[in-house]
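This is work_22.txt (compact mmCIF, C-alpha atoms (C1' of nucleotides)).
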```txt
# COMPACT_ATOMS: atom_id res chain seq x y z
CA MET M 1 166.99 230.00 -61.75
CA GLY M 2 168.38 233.10 -63.49
CA VAL M 3 169.57 231.09 -66.47
CA HIS M 4 166.13 231.32 -67.93
CA ASP M 5 166.07 235.11 -67.65
CA ALA M 6 169.44 235.38 -69.30
CA MET M 7 168.34 233.10 -72.11
CA TYR M 8 165.20 235.12 -72.58
CA VAL M 9 167.17 238.32 -73.07
CA LEU M 10 170.25 236.96 -74.84
CA GLY M 11 168.91 233.84 -76.50
CA GLY M 12 168.52 233.31 -80.19
CA LYS M 13 171.01 233.39 -82.95
CA TRP M 14 172.03 237.03 -83.03
CA LYS M 15 171.99 239.02 -79.80
CA ILE M 16 175.34 237.82 -78.55
CA TYR M 17 176.92 238.86 -81.82
CA ILE M 18 175.23 242.24 -81.83
CA ILE M 19 176.47 242.90 -78.32
CA THR M 20 179.93 241.79 -79.37
CA ALA M 21 179.86 244.22 -82.27
CA LEU M 22 178.90 247.05 -79.93
CA LEU M 23 181.42 246.15 -77.25
CA PHE M 24 183.96 248.75 -78.31
CA GLY M 25 181.64 251.64 -79.02
CA SER M 26 178.47 252.76 -80.70
CA LYS M 27 177.69 251.84 -84.28
CA ARG M 28 175.19 252.87 -86.89
CA TYR M 29 172.57 250.58 -88.33
CA SER M 30 174.48 250.12 -91.56
CA GLU M 31 177.69 249.39 -89.72
CA LEU M 32 176.00 246.68 -87.70
CA LEU M 33 174.54 245.26 -90.87
CA ARG M 34 178.05 244.94 -92.20
CA ASP M 35 179.75 243.80 -89.00
CA VAL M 36 177.27 241.18 -87.81
CA GLN M 37 178.05 238.48 -90.32
CA GLY M 38 175.08 237.06 -92.17
CA ILE M 39 172.27 239.00 -90.55
CA SER M 40 169.60 240.54 -92.77
CA GLY M 41 168.22 244.05 -92.40
CA LYS M 42 164.84 242.86 -91.31
CA VAL M 43 166.18 240.63 -88.59
CA LEU M 44 168.69 243.21 -87.43
CA SER M 45 166.06 245.87 -86.90
CA ARG M 46 163.80 243.44 -85.10
CA GLU M 47 166.59 242.29 -82.80
CA LEU M 48 167.66 245.84 -82.08
CA LYS M 49 164.10 246.75 -81.23
CA GLU M 50 163.85 243.88 -78.79
CA MET M 51 167.17 244.79 -77.26
CA GLU M 52 166.06 248.36 -76.91
CA THR M 53 162.87 247.21 -75.21
CA ASN M 54 164.94 245.23 -72.77
CA ARG M 55 167.30 248.18 -72.28
CA LEU M 56 170.36 246.39 -73.55
CA VAL M 57 170.98 249.08 -76.16
CA LYS M 58 170.21 252.74 -76.50
CA ARG M 59 169.08 254.15 -79.85
CA THR M 60 169.99 257.70 -80.78
CA VAL M 61 168.71 259.57 -83.80
CA SER M 62 170.70 262.48 -85.20
CA VAL M 63 168.59 264.72 -87.37
CA THR M 64 171.17 265.25 -90.07
CA GLN M 65 170.65 264.93 -93.79
CA PRO M 66 170.10 262.05 -94.16
CA VAL M 67 169.34 260.94 -90.64
CA THR M 68 171.88 258.82 -88.83
CA VAL M 69 170.92 256.37 -86.13
CA THR M 70 173.44 255.01 -83.69
CA TYR M 71 173.14 252.15 -81.26
CA GLU M 72 175.19 251.78 -78.13
CA LEU M 73 175.19 249.44 -75.17
CA THR M 74 173.60 250.62 -71.96
CA GLU M 75 175.34 249.85 -68.69
CA TYR M 76 173.14 246.79 -68.53
CA GLY M 77 174.20 245.79 -72.02
CA LYS M 78 177.84 246.34 -71.12
CA SER M 79 177.43 244.07 -68.14
CA ALA M 80 176.81 241.20 -70.55
CA LYS M 81 180.50 241.53 -71.34
CA SER M 82 181.17 238.98 -68.61
CA ILE M 83 179.10 236.44 -70.51
CA ILE M 84 180.81 237.15 -73.82
CA GLY M 85 184.14 236.84 -72.04
CA VAL M 86 183.40 233.41 -70.63
CA LEU M 87 181.89 232.20 -73.91
CA SER M 88 184.93 233.38 -75.81
CA GLU M 89 187.39 231.79 -73.42
CA TRP M 90 185.51 228.51 -73.27
CA GLY M 91 185.11 228.37 -77.05
CA GLU M 92 188.79 229.12 -77.47
CA THR M 93 190.08 226.41 -75.18
CA HIS M 94 187.70 223.77 -76.52
CA ARG M 95 187.85 224.66 -80.17
CA ASN M 96 189.73 221.48 -81.04
CA LEU M 97 186.96 219.27 -79.67
CA ILE M 98 184.22 220.61 -81.91
CA VAL M 99 182.90 218.31 -84.60
CA ILE M 100 181.36 219.96 -87.61
CA ASP M 101 178.21 218.25 -88.76
CA GLU M 102 178.65 216.55 -92.07
CA PRO M 103 175.64 217.22 -94.28
CA LEU M 104 174.17 213.95 -95.54
CA MET C 1 186.94 234.72 -81.82
CA GLY C 2 185.95 231.73 -79.71
CA VAL C 3 182.46 233.07 -79.14
CA HIS C 4 181.43 231.54 -82.42
CA ASP C 5 182.71 228.11 -81.42
CA ALA C 6 180.87 228.27 -78.13
CA MET C 7 177.68 229.34 -79.88
CA TYR C 8 178.04 226.51 -82.35
CA VAL C 9 178.21 223.94 -79.59
CA LEU C 10 175.88 225.49 -77.03
CA GLY C 11 173.58 227.60 -79.19
CA GLY C 12 169.92 226.94 -79.80
CA LYS C 13 167.06 226.70 -77.44
CA TRP C 14 167.84 223.59 -75.46
CA LYS C 15 171.48 222.64 -74.89
CA ILE C 16 172.04 224.96 -71.97
CA TYR C 17 169.03 223.46 -70.23
CA ILE C 18 170.08 219.91 -70.96
CA ILE C 19 173.51 220.59 -69.51
CA THR C 20 171.87 222.19 -66.49
CA ALA C 21 169.76 219.09 -65.99
CA LEU C 22 172.86 216.90 -66.10
CA LEU C 23 174.95 219.10 -63.85
CA PHE C 24 174.40 217.03 -60.74
CA GLY C 25 174.71 213.59 -62.21
CA SER C 26 173.69 211.28 -65.00
CA LYS C 27 170.09 210.92 -66.07
CA ARG C 28 168.07 208.62 -68.25
CA TYR C 29 166.33 209.65 -71.42
CA SER C 30 162.91 209.64 -69.76
CA GLU C 31 164.20 211.66 -66.82
CA LEU C 32 165.58 214.31 -69.13
CA LEU C 33 162.28 214.36 -71.00
CA ARG C 34 160.59 215.16 -67.72
CA ASP C 35 163.20 217.55 -66.32
CA VAL C 36 163.89 219.68 -69.37
CA GLN C 37 160.69 221.68 -69.37
CA GLY C 38 158.79 221.74 -72.64
CA ILE C 39 161.13 219.69 -74.82
CA SER C 40 159.65 216.96 -77.01
CA GLY C 41 161.06 213.49 -77.44
CA LYS C 42 162.09 214.09 -81.00
CA VAL C 43 163.98 217.25 -80.21
CA LEU C 44 165.57 215.79 -77.09
CA SER C 45 167.03 212.83 -78.93
CA ARG C 46 168.30 215.05 -81.71
CA GLU C 47 169.96 217.43 -79.28
CA LEU C 48 171.51 214.60 -77.29
CA LYS C 49 172.89 213.10 -80.46
CA GLU C 50 174.51 216.40 -81.42
CA MET C 51 175.91 216.80 -77.95
CA GLU C 52 177.30 213.31 -78.05
CA THR C 53 178.92 214.05 -81.40
CA ASN C 54 180.55 217.10 -79.87
CA ARG C 55 181.56 215.09 -76.82
CA LEU C 56 179.59 217.16 -74.36
CA VAL C 57 177.75 214.08 -73.10
CA LYS C 58 178.46 210.39 -72.88
CA ARG C 59 175.72 207.88 -73.64
CA THR C 60 175.66 204.56 -71.85
CA VAL C 61 173.37 201.67 -72.68
CA SER C 62 172.56 199.06 -70.05
CA VAL C 63 171.27 195.86 -71.56
CA THR C 64 168.59 195.27 -68.98
CA GLN C 65 164.98 194.40 -69.65
CA PRO C 66 163.95 196.84 -70.93
CA VAL C 67 167.11 198.67 -71.88
CA THR C 68 168.04 201.76 -69.95
CA VAL C 69 170.10 204.55 -71.43
CA THR C 70 171.86 207.10 -69.29
CA TYR C 71 173.48 210.34 -70.29
CA GLU C 72 176.19 212.09 -68.35
CA LEU C 73 178.39 215.08 -68.94
CA THR C 74 181.93 214.51 -70.08
CA GLU C 75 184.71 216.58 -68.54
CA TYR C 76 184.25 218.90 -71.48
CA GLY C 77 180.55 219.12 -70.79
CA LYS C 78 181.19 219.77 -67.13
CA SER C 79 183.50 222.61 -68.06
CA ALA C 80 180.49 224.43 -69.48
CA LYS C 81 179.46 224.86 -65.88
CA SER C 82 181.34 228.14 -65.87
CA ILE C 83 179.05 229.44 -68.59
CA ILE C 84 175.91 228.32 -66.82
CA GLY C 85 177.20 229.97 -63.68
CA VAL C 86 177.75 233.33 -65.32
CA LEU C 87 174.42 233.17 -67.16
CA SER C 88 172.63 232.35 -63.95
CA GLU C 89 174.28 235.12 -61.99
CA TRP C 90 173.74 237.71 -64.70
CA GLY C 91 170.12 236.70 -65.19
CA GLU C 92 169.56 236.85 -61.46
CA THR C 93 170.93 240.33 -60.93
CA HIS C 94 169.21 241.78 -63.98
CA ARG C 95 165.91 240.01 -63.67
CA ASN C 96 164.05 243.20 -62.76
CA LEU C 97 165.07 244.90 -66.00
CA ILE C 98 163.51 242.36 -68.30
CA VAL C 99 160.48 243.43 -70.29
CA ILE C 100 158.13 240.69 -71.37
CA ASP C 101 156.90 241.14 -74.90
CA GLU C 102 153.25 241.99 -75.03
CA PRO C 103 151.55 239.92 -77.72
CA LEU C 104 149.70 242.17 -80.15
C1' DC W 1 162.10 202.05 -72.22
C1' DT W 2 164.37 204.49 -75.93
C1' DG W 3 164.12 206.01 -79.64
C1' DT W 4 162.83 206.72 -85.22
C1' DA W 5 159.61 207.88 -89.15
C1' DT W 6 155.98 210.44 -90.89
C1' DC W 7 152.97 213.98 -91.42
C1' DC W 8 151.51 218.51 -90.56
C1' DT W 9 151.31 223.29 -88.98
C1' DG W 10 153.04 227.68 -87.45
C1' DA W 11 156.98 230.49 -86.98
C1' DT W 12 161.24 232.43 -89.07
C1' DT W 13 163.76 234.09 -92.85
C1' DG W 14 165.34 236.09 -97.33
C1' DA W 15 164.51 238.97 -101.17
C1' DT W 16 162.59 242.72 -103.02
C1' DA W 17 160.37 246.86 -103.33
C1' DC W 18 159.08 250.81 -101.13
C1' DT W 19 158.68 254.99 -97.55
C1' DG W 20 160.36 259.06 -94.87
C1' DC N 1 170.40 256.26 -94.49
C1' DA N 2 167.26 253.58 -91.81
C1' DG N 3 164.05 251.14 -91.79
C1' DT N 4 158.93 248.72 -93.09
C1' DA N 5 155.67 245.82 -95.96
C1' DT N 6 154.85 241.92 -98.46
C1' DC N 7 155.30 237.47 -100.26
C1' DA N 8 157.40 233.12 -100.97
C1' DA N 9 160.28 229.62 -99.15
C1' DT N 10 162.36 227.18 -95.46
C1' DC N 11 162.55 225.23 -91.10
C1' DA N 12 161.69 223.91 -86.46
C1' DG N 13 158.55 221.71 -83.62
C1' DG N 14 154.31 218.82 -82.04
C1' DA N 15 151.63 214.60 -82.34
C1' DT N 16 151.24 210.16 -83.41
C1' DA N 17 152.40 205.65 -84.61
C1' DC N 18 155.66 202.36 -84.64
C1' DA N 19 160.27 199.58 -84.01
C1' DG N 20 164.09 197.30 -81.26
```
Take the structure in the file and give it back as structure tokens.
Amino acid sequence: MGVHDAMYVLGGKWKIYIITALLFGSKRYSELLRDVQGISGKVLSRELKEMETNRLVKRTVSVTQPVTVTYELTEYGKSAKSIIGVLSEWGETHRNLIVIDEPL
Amino acid sequence: MGVHDAMYVLGGKWKIYIITALLFGSKRYSELLRDVQGISGKVLSRELKEMETNRLVKRTVSVTQPVTVTYELTEYGKSAKSIIGVLSEWGETHRNLIVIDEPL
DNA sequence: CTGTATCCTGATTGATACTG
DNA sequence: CAGTATCAATCAGGATACAG
């Protein structure tokens, strides 16, 4: 069952959102930090490292002053677009059914 | 963006697997405990309760001796099949690219 | 059988300060 | 700018015992 593989690579709280943020082009670390709502620097760099390991994103360092680092989706990463698409569509059409948990 | 709604309902470690387990028919609590690999009783009942709140599953109690409780997907829950399908297909075709994290 | 309550431990996270 | 190191705090999860 490939579901498990997909969950291994995309699972967790953040990767889907990081991919979404990179869907329309490369971004720098600081831009991702701003665009991925609520993520902290530590977690962002860890997630990006994992995604780089799994070849979802490509990291490019420009030796300017100061250095700039950009992240972009690989072809593999871009292929996850199909998943984002289905998630988005499903979430959209079923939005009205969601119940927000009342804190006690 | 509906992605967030979908993540709210389906996110976390277990819901996708629970839905997968229920895809071909209703199951009892103890069957789910066996079929959803690695989940504990506490977590399973919590997840099922959340999914019932969000109308992904329907819970039915049969007053036998002892009681039996069955869970089945609602139409809404069944509609998540499209997501499982895409995840499965994507995971399948990209399985060879995955890198398993070496523990230190 | 189907859960809930309690306790406990290890993993995850946020904040802050710091490095190159 | 782009991270890493450290520490404290939180949280999620397992095991067990117990209730309906």
Nearby residues (only C-alpha atoms (C1' of nucleotides)) at most 12 Å from DC1 (chain W), same-chain spacing under 2 positions excluded, as a PDB file with C-alpha atoms (C1' of nucleotides), keeping the file's coordinate frame:
```pdb
ATOM      1  CA  ARG C  28     168.070 208.620 -68.250  1.00  0.00           C
ATOM      2  CA  TYR C  29     166.330 209.650 -71.420  1.00  0.00           C
ATOM      3  CA  SER C  30     162.910 209.640 -69.760  1.00  0.00           C
ATOM      4  CA  GLU C  31     164.200 211.660 -66.820  1.00  0.00           C
ATOM      5  CA  VAL C  61     173.370 201.670 -72.680  1.00  0.00           C
ATOM      6  CA  SER C  62     172.560 199.060 -70.050  1.00  0.00           C
ATOM      7  CA  VAL C  63     171.270 195.860 -71.560  1.00  0.00           C
ATOM      8  CA  THR C  64     168.590 195.270 -68.980  1.00  0.00           C
ATOM      9  CA  GLN C  65     164.980 194.400 -69.650  1.00  0.00           C
ATOM     10  CA  PRO C  66     163.950 196.840 -70.930  1.00  0.00           C
ATOM     11  CA  VAL C  67     167.110 198.670 -71.880  1.00  0.00           C
ATOM     12  CA  THR C  68     168.040 201.760 -69.950  1.00  0.00           C
ATOM     13  CA  VAL C  69     170.100 204.550 -71.430  1.00  0.00           C
ATOM     14  CA  THR C  70     171.860 207.100 -69.290  1.00  0.00           C
TER      15      THR C  70
ATOM     16  C1'  DG W   3     164.120 206.010 -79.640  1.00  0.00           C
TER      17       DG W   3
ATOM     18  C1'  DG N  20     164.090 197.300 -81.260  1.00  0.00           C
TER      19       DG N  20
END
```
Pull out every residue of chain N that has at least one atom within 12 Å of chain M, counting all atoms listed in the file, and report them as an mmCIF file with C-alpha atoms (C1' of nucleotides), in the frame of the given file.
```
data_model
loop_
_atom_site.group_PDB
_atom_site.id
_atom_site.type_symbol
_atom_site.label_atom_id
_atom_site.label_comp_id
_atom_site.auth_asym_id
_atom_site.auth_seq_id
_atom_site.Cartn_x
_atom_site.Cartn_y
_atom_site.Cartn_z
ATOM 1 C "C1'" DC N 1 170.400 256.260 -94.490
ATOM 2 C "C1'" DA N 2 167.260 253.580 -91.810
ATOM 3 C "C1'" DG N 3 164.050 251.140 -91.790
ATOM 4 C "C1'" DT N 4 158.930 248.720 -93.090
ATOM 5 C "C1'" DA N 5 155.670 245.820 -95.960
#
```
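Between CA of Glu92 (chain M) and CA of Val57 (chain M) there is a distance of 26.8 Å.
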### Task
Rank nothing, just name the residue among M:Asn96, M:Leu23, M:Val36, M:Thr53 nearest to chain C, using all atoms listed in the file.
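Smallest distance to chain C is found for M:Thr53.
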### Interface list for chain C, partner chain M, 7 Å threshold, all atoms listed in the file, as a ChimeraX atom specification
/C:1-3,5-6,12,53-54,83-84,86-92,95,97-99
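Interatomic distance, CA of Trp14 (chain C) to CA of Ile39 (chain C): 7.8 Å.
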### Task
Can you pull out every residue within 10 Å of region 14-16 of chain W, counting only C-alpha atoms (C1' of nucleotides), but drop anything in the same chain fewer than 4 positions away, and send it as a ChimeraX atom specification?
/M:40-43 /N:6-10
Would you write out those residues with C-alpha atoms (C1' of nucleotides), as a short mmCIF file (atom, residue, chain, number, x, y, z; two decimals), keeping the file's coordinate frame?
```
data_model
loop_
_atom_site.label_atom_id
_atom_site.label_comp_id
_atom_site.auth_asym_id
_atom_site.auth_seq_id
_atom_site.Cartn_x
_atom_site.Cartn_y
_atom_site.Cartn_z
CA SER M 40 169.60 240.54 -92.77
CA GLY M 41 168.22 244.05 -92.40
CA LYS M 42 164.84 242.86 -91.31
CA VAL M 43 166.18 240.63 -88.59
"C1'" DT N 6 154.85 241.92 -98.46
"C1'" DC N 7 155.30 237.47 -100.26
"C1'" DA N 8 157.40 233.12 -100.97
"C1'" DA N 9 160.28 229.62 -99.15
"C1'" DT N 10 162.36 227.18 -95.46
#
```
### Task
Record the distance separating C1' of DT13 (chain W) and CA of Gln37 (chain M), expressed in Å with one decimal.
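Distance reported for this atom pair: 15.2 Å.
Neighbourhood of point (156.3, 216.2, -85.0): residues with an atom at most 10 Å away, counting all atoms listed in the file, are Ser40, Gly41, Lys42 and Val43 of chain C; DA5, DT6, DC7, DC8 and DT9 of chain W; DA12, DG13, DG14, DA15 and DT16 of chain N.
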